[in-house]
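Asker: Here it is, the structure, as structure tokens.
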Amino acid sequence: MRTPRFKIAPDVAPAIYHCMSRTVNGERLFDDTAKEVMRKQIWQIADFCGVHVLTYAIMSNHFHVLVRVPRKSIPDDRELLRRFYVLYPKPNAYQKFRIEVVAEQLKLKRGDPAADGWRKQQLALMGDVSQFMKLLKQRFSMWFNRTHNRFGPVWSDRFKSVLVEGRGNVTVTMAAYIDLNPVRAGLVGDPKDYRFCGYAEAVAGNKVAQGGIAAVVGTASGNAGTSWRDARESYRLWLFGAGAVSRTNKAAITPEMLAKVIEENGALPIPTVLRCQLRHFTDGAVLGTKAFVATQIAAYRRRTGLRGRLRPRPLPNVTDWGDVTTLRGLRKKVFG
């Protein structure tokens with residue numbers, strides 16, 4: 001039986017989630033063409049579902065995406081049709097016929113069974129992180145299997161998700177961790193040079209990607225109206241630390257160096273720690289201040305009735321995380 005996810009009810013407040021999914025057996029299936037298709041599908045399906053992509057990273061055997069799910073609202077019929085066309089930009093004959101029929105149905109007054117049924121069907125796919133990830137993975141799998149003349153699953157299992165507090169330094173720390181994926185993998189020294197991540201798209205001029213980075217920097221500064229121009233240098237400080245200079249051929253500190261720091265109760269700058277694979281960022285279930293994590297535990301218990309040993313837990317003491325805690329104390333190796 002699957003454990004229920006930690007989620008904030010969409011009618012209560014906006015929520016931010018870090019989602020990650022890995023290929024079956026961890027196989028390196030995705031070349032640049034596949035990554036480009038997924039990049040386009042991330043933006044397309046986010047638009048349809050009404051969620052906001054803050055940043056993402058697509059690797060050869062997994063992908064990460066940081067999304068903000070706004071408070072639930074009901075789009076009008078014009079917006080529903082626009083989103084439907086986003087999902088089917090080049091409809092086949094059947095889909096085109098269906099869209100035309102739907103458009104005619106929506107001209108009818110409320111209460112028409114056909115029109116109301118279509119509205120209900122579309123709304124069920126919107127404003128929910130689980131539906132966004134399900135649709136993204138399904139549509140990409142269909143394209144990948146068809147293109148590569150294969151069948152069977154592309155993804156190994158259920159996607160992982162971490163509920164992220166949307167204020168203070170929590171969101172920008174998670175975003176930087178995601179954008180540094182290609183640096184941790186040793187592919188580039190600067191994520192701006194890896195075209196399949198949100199930061200690189202922002203630097204290249206994608207206005208929507210720039211808005212996502214500006215939003216995460218705004219959560220740290222407390223300024224919701226932060227512009228890309230103001231956010232650009234601040235975000236590079238989170239990626240590289242003082243000086244904001246890329247470190248070519250220095251993807252991460254070695255496991256031996258990290259183990260020595262931990263053994264000696266030493267401390268490292270956050271940008272250095274983010275160059276290591278920290279499992280709390282993918283497996284921790286909730287990431288935020290102690291008060292935020294405690295609030296989510298209480299809500300989870302009310303929703304599910306589960307009474308396990310759940311409590312806020314500190315992150316590994318290798319840097320100054322501030323008041324950031326997680327939910328799960330991981331038994332396996334914390335740093336990958």
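Starting from 1 in every chain, residues are counted up; chains themselves are A, B, ... following the order of the structure tokens, and ligands are numbered from 1 as listed.
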Mind checking which residues fall within 12 Å of Gln138 in chain A, counting only C-alpha atoms, ignoring those fewer than 3 positions away in the same chain, and posting them as a ChimeraX atom specification?
Answerer: /A:38,41-42,45,131-135,141-145,152-155
Asker: Residues at most 7 Å from Thr326 in chain A, counting only C-alpha atoms, excluding those fewer than 5 positions away in the same chain, as a ChimeraX atom specification?
Answerer: /A:284,286-288,293,312-315
Asker: Mind listing the helix (DSSP H, G or I) residues of range 69-317 of chain A, per DSSP on the backbone, as a PyMOL selection string?
Answerer: chain A and resi 77-87+93-105+113-123+129-147+170-179+181-184+191-193+198-204+207-221+228-240+255-263+270-273+280-283+290-304
Asker: List the spatial neighbours of Arg301 in chain A as JSON, numbers by chain - criterion: any atom at most 12 Å away, only C-alpha atoms, same-chain residues fewer than 5 positions off excluded.
Answerer: {"A": [4, 5, 6, 7, 294, 295, 296, 306, 307, 308, 309, 310, 311]}
Asker: Pull N, CA and C atoms from the residues just selected and write them as a PDB file, in the first residue's frame.
Answerer:
ATOM      1  N   PRO A   4       0.583   7.855   1.569  1.00  0.00           N
ATOM      2  CA  PRO A   4       0.084   9.122   1.019  1.00  0.00           C
ATOM      3  C   PRO A   4       1.173  10.187   1.010  1.00  0.00           C
ATOM      4  N   ARG A   5       1.131  11.044   0.005  1.00  0.00           N
ATOM      5  CA  ARG A   5       2.110  12.122  -0.106  1.00  0.00           C
ATOM      6  C   ARG A   5       1.789  13.242   0.875  1.00  0.00           C
ATOM      7  N   PHE A   6       2.810  13.992   1.203  1.00  0.00           N
ATOM      8  CA  PHE A   6       2.608  15.232   1.948  1.00  0.00           C
ATOM      9  C   PHE A   6       2.238  16.306   0.936  1.00  0.00           C
ATOM     10  N   LYS A   7       1.002  16.787   1.031  1.00  0.00           N
ATOM     11  CA  LYS A   7       0.509  17.797   0.093  1.00  0.00           C
ATOM     12  C   LYS A   7      -0.328  18.820   0.860  1.00  0.00           C
ATOM     13  N   ALA A 294       6.372  20.818  11.290  1.00  0.00           N
ATOM     14  CA  ALA A 294       5.441  20.370  12.332  1.00  0.00           C
ATOM     15  C   ALA A 294       3.993  20.582  11.909  1.00  0.00           C
ATOM     16  N   THR A 295       3.720  21.705  11.254  1.00  0.00           N
ATOM     17  CA  THR A 295       2.362  21.984  10.774  1.00  0.00           C
ATOM     18  C   THR A 295       1.938  20.957   9.738  1.00  0.00           C
ATOM     19  N   GLN A 296       2.843  20.583   8.823  1.00  0.00           N
ATOM     20  CA  GLN A 296       2.508  19.599   7.795  1.00  0.00           C
ATOM     21  C   GLN A 296       2.309  18.205   8.394  1.00  0.00           C
ATOM     22  N   LEU A 306      -2.685   8.372  10.187  1.00  0.00           N
ATOM     23  CA  LEU A 306      -1.445   7.677  10.530  1.00  0.00           C
ATOM     24  C   LEU A 306      -0.785   8.337  11.736  1.00  0.00           C
ATOM     25  N   ARG A 307      -0.220   7.524  12.609  1.00  0.00           N
ATOM     26  CA  ARG A 307       0.372   8.032  13.845  1.00  0.00           C
ATOM     27  C   ARG A 307       1.814   7.567  14.010  1.00  0.00           C
ATOM     28  N   GLY A 308       2.548   7.501  12.948  1.00  0.00           N
ATOM     29  CA  GLY A 308       3.938   7.061  13.027  1.00  0.00           C
ATOM     30  C   GLY A 308       4.811   8.065  13.755  1.00  0.00           C
ATOM     31  N   ARG A 309       6.084   7.711  13.907  1.00  0.00           N
ATOM     32  CA  ARG A 309       7.032   8.585  14.601  1.00  0.00           C
ATOM     33  C   ARG A 309       7.504   9.678  13.640  1.00  0.00           C
ATOM     34  N   LEU A 310       6.702  10.683  13.516  1.00  0.00           N
ATOM     35  CA  LEU A 310       7.005  11.784  12.607  1.00  0.00           C
ATOM     36  C   LEU A 310       7.363  13.020  13.416  1.00  0.00           C
ATOM     37  N   ARG A 311       8.486  13.618  13.087  1.00  0.00           N
ATOM     38  CA  ARG A 311       8.892  14.854  13.760  1.00  0.00           C
ATOM     39  C   ARG A 311       9.915  15.574  12.894  1.00  0.00           C
TER      40      ARG A 311
END
Asker: Kindly indicate which residue among A:Asp323, A:Asp230, A:Glu201, A:Asp116 lies nearest to Tyr56 in chain A, using only C-alpha atoms for the distances.
Answerer: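 Of A:Asp323, A:Asp230, A:Glu201, A:Asp116, the one nearest Tyr56 in chain A, counting only C-alpha atoms, is A:Glu201.
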Asker: Quick one, how far is CA of Val37 in chain A from CA of Leu125 in chain A?
Answerer: 21.0 Å
Asker: Range 132-250 of chain A near range 57-65 of chain A within 10 Å: what's each residue's closest atom pair and its distance in Å to one decimal, counting only C-alpha atoms, ordered by chain then ascending residue number, as JSON lines?
Answerer:
{"residue": "A:Met133", "atom": "CA", "partner": "A:Val65", "partner_atom": "CA", "distance": 9.5}
{"residue": "A:Val154", "atom": "CA", "partner": "A:Asn61", "partner_atom": "CA", "distance": 9.8}
{"residue": "A:Trp155", "atom": "CA", "partner": "A:His62", "partner_atom": "CA", "distance": 8.7}
{"residue": "A:Ser156", "atom": "CA", "partner": "A:His62", "partner_atom": "CA", "distance": 9.8}
{"residue": "A:Phe159", "atom": "CA", "partner": "A:His64", "partner_atom": "CA", "distance": 9.9}
{"residue": "A:Lys160", "atom": "CA", "partner": "A:His64", "partner_atom": "CA", "distance": 9.5}
{"residue": "A:Ser161", "atom": "CA", "partner": "A:Val65", "partner_atom": "CA", "distance": 9.6}
{"residue": "A:Ala175", "atom": "CA", "partner": "A:Val65", "partner_atom": "CA", "distance": 8.9}
{"residue": "A:Tyr177", "atom": "CA", "partner": "A:Ala57", "partner_atom": "CA", "distance": 9.8}
{"residue": "A:Ile178", "atom": "CA", "partner": "A:Ala57", "partner_atom": "CA", "distance": 6.2}
{"residue": "A:Asp179", "atom": "CA", "partner": "A:Ala57", "partner_atom": "CA", "distance": 6.0}
{"residue": "A:Leu180", "atom": "CA", "partner": "A:Ala57", "partner_atom": "CA", "distance": 8.4}
{"residue": "A:Asn181", "atom": "CA", "partner": "A:Ala57", "partner_atom": "CA", "distance": 6.8}
{"residue": "A:Pro182", "atom": "CA", "partner": "A:Met59", "partner_atom": "CA", "distance": 7.5}
{"residue": "A:Ala185", "atom": "CA", "partner": "A:Met59", "partner_atom": "CA", "distance": 9.1}
{"residue": "A:Pro191", "atom": "CA", "partner": "A:Ala57", "partner_atom": "CA", "distance": 9.6}
{"residue": "A:Tyr194", "atom": "CA", "partner": "A:Ala57", "partner_atom": "CA", "distance": 9.1}
{"residue": "A:Arg195", "atom": "CA", "partner": "A:Ala57", "partner_atom": "CA", "distance": 9.1}
{"residue": "A:Phe196", "atom": "CA", "partner": "A:Ile58", "partner_atom": "CA", "distance": 5.6}
{"residue": "A:Cys197", "atom": "CA", "partner": "A:Ala57", "partner_atom": "CA", "distance": 4.2}
{"residue": "A:Gly198", "atom": "CA", "partner": "A:Ala57", "partner_atom": "CA", "distance": 6.6}
{"residue": "A:Tyr199", "atom": "CA", "partner": "A:Ala57", "partner_atom": "CA", "distance": 8.9}
{"residue": "A:Ala200", "atom": "CA", "partner": "A:Ala57", "partner_atom": "CA", "distance": 9.7}
Asker: Excluding Arg83 in chain A and its own-chain neighbours fewer than 4 positions away, which residues fall within 9 Å of it when counting only C-alpha atoms? Please give them as number ranges by chain.
Answerer: A: 47-50, 78-79, 87-88
Asker: Write out the residues from the selection above, keeping N, CA and C atoms, as a PDB file, in the first residue's frame.
Answerer:
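Now in part.pdb:
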ATOM      1  N   ASP A  47       1.616  24.473 -18.378  1.00  0.00           N
ATOM      2  CA  ASP A  47       0.643  25.466 -18.832  1.00  0.00           C
ATOM      3  C   ASP A  47      -0.764  24.876 -18.803  1.00  0.00           C
ATOM      4  N   PHE A  48      -0.910  23.656 -19.305  1.00  0.00           N
ATOM      5  CA  PHE A  48      -2.230  23.015 -19.314  1.00  0.00           C
ATOM      6  C   PHE A  48      -2.749  22.803 -17.890  1.00  0.00           C
ATOM      7  N   CYS A  49      -1.891  22.313 -17.004  1.00  0.00           N
ATOM      8  CA  CYS A  49      -2.320  21.983 -15.638  1.00  0.00           C
ATOM      9  C   CYS A  49      -2.453  23.209 -14.741  1.00  0.00           C
ATOM     10  N   GLY A  50      -1.928  24.346 -15.189  1.00  0.00           N
ATOM     11  CA  GLY A  50      -2.025  25.548 -14.375  1.00  0.00           C
ATOM     12  C   GLY A  50      -1.043  25.594 -13.222  1.00  0.00           C
ATOM     13  N   ARG A  78     -13.320  29.890 -21.834  1.00  0.00           N
ATOM     14  CA  ARG A  78     -12.330  30.353 -22.799  1.00  0.00           C
ATOM     15  C   ARG A  78     -10.933  29.844 -22.424  1.00  0.00           C
ATOM     16  N   GLU A  79     -10.591  29.918 -21.127  1.00  0.00           N
ATOM     17  CA  GLU A  79      -9.286  29.453 -20.665  1.00  0.00           C
ATOM     18  C   GLU A  79      -9.171  27.940 -20.761  1.00  0.00           C
ATOM     19  N   LEU A  87      -2.447  21.470 -25.060  1.00  0.00           N
ATOM     20  CA  LEU A  87      -2.159  20.051 -24.956  1.00  0.00           C
ATOM     21  C   LEU A  87      -2.199  19.367 -26.314  1.00  0.00           C
ATOM     22  N   TYR A  88      -3.015  19.878 -27.216  1.00  0.00           N
ATOM     23  CA  TYR A  88      -3.132  19.317 -28.568  1.00  0.00           C
ATOM     24  C   TYR A  88      -2.894  20.416 -29.594  1.00  0.00           C
TER      25      TYR A  88
END
Asker: Residues of range 136-291 of chain A in strand (DSSP E) according to DSSP, as a VMD selection string?
Answerer: chain A and resid 160 to 164 286 to 289
Asker: Could you pull the residues within 12 Å of range 234-237 of chain A, counting only C-alpha atoms, minus those fewer than 5 positions along the same chain, as a PyMOL selection string?
Answerer: chain A and resi 169+171-177+179-180+190-192+199-200+202-203+210+212-221+226-229+242-246+269-272
Asker: Keeping only N, CA and C atoms, write those residues as a short mmCIF file (atom, residue, chain, number, x, y, z; two decimals), in the first residue's frame.
Answerer:
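In the end it all went to again_30.cif:
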data_model
loop_
_atom_site.label_atom_id
_atom_site.label_comp_id
_atom_site.auth_asym_id
_atom_site.auth_seq_id
_atom_site.Cartn_x
_atom_site.Cartn_y
_atom_site.Cartn_z
N ASN A 169 14.88 31.01 2.94
CA ASN A 169 15.90 30.50 2.02
C ASN A 169 15.62 29.09 1.51
N THR A 171 13.25 27.64 -0.52
CA THR A 171 12.96 27.43 -1.94
C THR A 171 14.17 27.70 -2.82
N VAL A 172 14.90 28.78 -2.54
CA VAL A 172 16.05 29.10 -3.38
C VAL A 172 17.17 28.08 -3.18
N THR A 173 17.29 27.52 -1.98
CA THR A 173 18.28 26.46 -1.76
C THR A 173 17.93 25.23 -2.58
N MET A 174 16.65 24.85 -2.58
CA MET A 174 16.23 23.69 -3.37
C MET A 174 16.41 23.94 -4.86
N ALA A 175 16.08 25.15 -5.32
CA ALA A 175 16.24 25.47 -6.74
C ALA A 175 17.71 25.36 -7.16
N ALA A 176 18.61 25.91 -6.33
CA ALA A 176 20.04 25.83 -6.65
C ALA A 176 20.51 24.38 -6.68
N TYR A 177 20.02 23.57 -5.75
CA TYR A 177 20.37 22.15 -5.73
C TYR A 177 19.97 21.48 -7.04
N ASP A 179 19.39 23.01 -10.09
CA ASP A 179 20.15 23.53 -11.22
C ASP A 179 21.60 23.06 -11.22
N LEU A 180 22.13 22.66 -10.06
CA LEU A 180 23.50 22.19 -9.97
C LEU A 180 23.65 20.71 -10.32
N ASP A 190 29.45 25.19 -15.00
CA ASP A 190 28.47 26.25 -14.73
C ASP A 190 27.14 25.81 -15.32
N PRO A 191 26.06 25.78 -14.54
CA PRO A 191 24.77 25.29 -15.08
C PRO A 191 24.24 26.11 -16.24
N LYS A 192 24.72 27.34 -16.44
CA LYS A 192 24.25 28.13 -17.58
C LYS A 192 24.69 27.49 -18.90
N TYR A 199 17.87 27.25 -15.10
CA TYR A 199 18.75 28.41 -15.03
C TYR A 199 19.35 28.72 -16.40
N ALA A 200 19.75 27.71 -17.15
CA ALA A 200 20.30 27.93 -18.49
C ALA A 200 19.26 28.57 -19.41
N ALA A 202 16.83 30.49 -18.46
CA ALA A 202 16.67 31.86 -18.01
C ALA A 202 17.78 32.74 -18.55
N VAL A 203 19.02 32.27 -18.47
CA VAL A 203 20.16 33.04 -18.97
C VAL A 203 20.05 33.23 -20.48
N GLN A 210 12.94 32.85 -16.62
CA GLN A 210 13.44 33.96 -15.81
C GLN A 210 12.48 34.29 -14.68
N GLY A 212 10.57 32.16 -13.16
CA GLY A 212 10.70 31.13 -12.14
C GLY A 212 11.87 31.39 -11.21
N ILE A 213 13.04 31.72 -11.78
CA ILE A 213 14.21 32.01 -10.95
C ILE A 213 13.97 33.25 -10.11
N ALA A 214 13.36 34.27 -10.70
CA ALA A 214 13.06 35.50 -9.95
C ALA A 214 12.13 35.20 -8.78
N ALA A 215 11.18 34.28 -8.99
CA ALA A 215 10.23 33.94 -7.93
C ALA A 215 10.93 33.26 -6.75
N VAL A 216 11.87 32.35 -7.03
CA VAL A 216 12.54 31.66 -5.92
C VAL A 216 13.47 32.61 -5.17
N VAL A 217 14.12 33.54 -5.89
CA VAL A 217 14.95 34.54 -5.21
C VAL A 217 14.06 35.47 -4.38
N GLY A 218 12.86 35.76 -4.91
CA GLY A 218 11.93 36.61 -4.18
C GLY A 218 11.47 36.00 -2.87
N THR A 219 11.39 34.67 -2.80
CA THR A 219 11.00 34.04 -1.53
C THR A 219 12.08 34.24 -0.47
N ALA A 220 13.34 34.31 -0.90
CA ALA A 220 14.43 34.50 0.05
C ALA A 220 14.51 35.96 0.52
N SER A 221 14.24 36.89 -0.40
CA SER A 221 14.34 38.31 -0.05
C SER A 221 13.05 38.86 0.54
N THR A 226 10.27 40.54 -7.29
CA THR A 226 11.65 40.55 -7.76
C THR A 226 11.73 40.29 -9.26
N SER A 227 12.49 41.11 -9.96
CA SER A 227 12.64 40.95 -11.41
C SER A 227 13.84 40.05 -11.72
N TRP A 228 13.90 39.56 -12.95
CA TRP A 228 15.03 38.74 -13.36
C TRP A 228 16.33 39.54 -13.26
N ARG A 229 16.28 40.80 -13.62
CA ARG A 229 17.47 41.64 -13.56
C ARG A 229 18.02 41.70 -12.13
N ALA A 242 30.56 33.41 -2.74
CA ALA A 242 31.18 34.73 -2.92
C ALA A 242 31.98 34.78 -4.21
N GLY A 243 31.76 35.82 -4.97
CA GLY A 243 32.46 35.99 -6.23
C GLY A 243 31.66 35.52 -7.42
N ALA A 244 30.73 34.59 -7.20
CA ALA A 244 29.85 34.09 -8.26
C ALA A 244 30.62 33.66 -9.49
N VAL A 245 31.76 32.97 -9.29
CA VAL A 245 32.59 32.52 -10.41
C VAL A 245 32.44 31.01 -10.56
N SER A 246 32.22 30.55 -11.80
CA SER A 246 32.09 29.12 -12.03
C SER A 246 33.40 28.41 -11.75
N PRO A 269 30.67 26.02 3.09
CA PRO A 269 29.66 26.94 2.53
C PRO A 269 28.54 26.15 1.87
N ILE A 270 27.33 26.71 1.89
CA ILE A 270 26.18 26.03 1.28
C ILE A 270 26.43 25.68 -0.18
N PRO A 271 26.98 26.60 -1.02
CA PRO A 271 27.21 26.23 -2.43
C PRO A 271 28.10 25.00 -2.59
N THR A 272 29.05 24.80 -1.67
CA THR A 272 29.91 23.62 -1.73
C THR A 272 29.12 22.37 -1.38
#
Asker: Which distance in Å separates CA of Asp157 in chain A and CA of Thr282 in chain A, to one decimal?
Answerer: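 Atom-to-atom, CA of Asp157 in chain A to CA of Thr282 in chain A, that is 14.2 Å.
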Asker: Out of A:Ser73, A:Asn317, A:Asn223, A:Thr325, which residue has the shortest atom-to-atom distance to Phe281 in chain A when counting only C-alpha atoms?
Answerer: A:Thr325
Asker: Of the residues A:Arg232, A:Lys207, A:Lys72, A:Lys40, which is the one nearest to Met126 in chain A, using only C-alpha atoms?
Answerer: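 Distance minimum relative to Met126 in chain A lands on A:Lys72.
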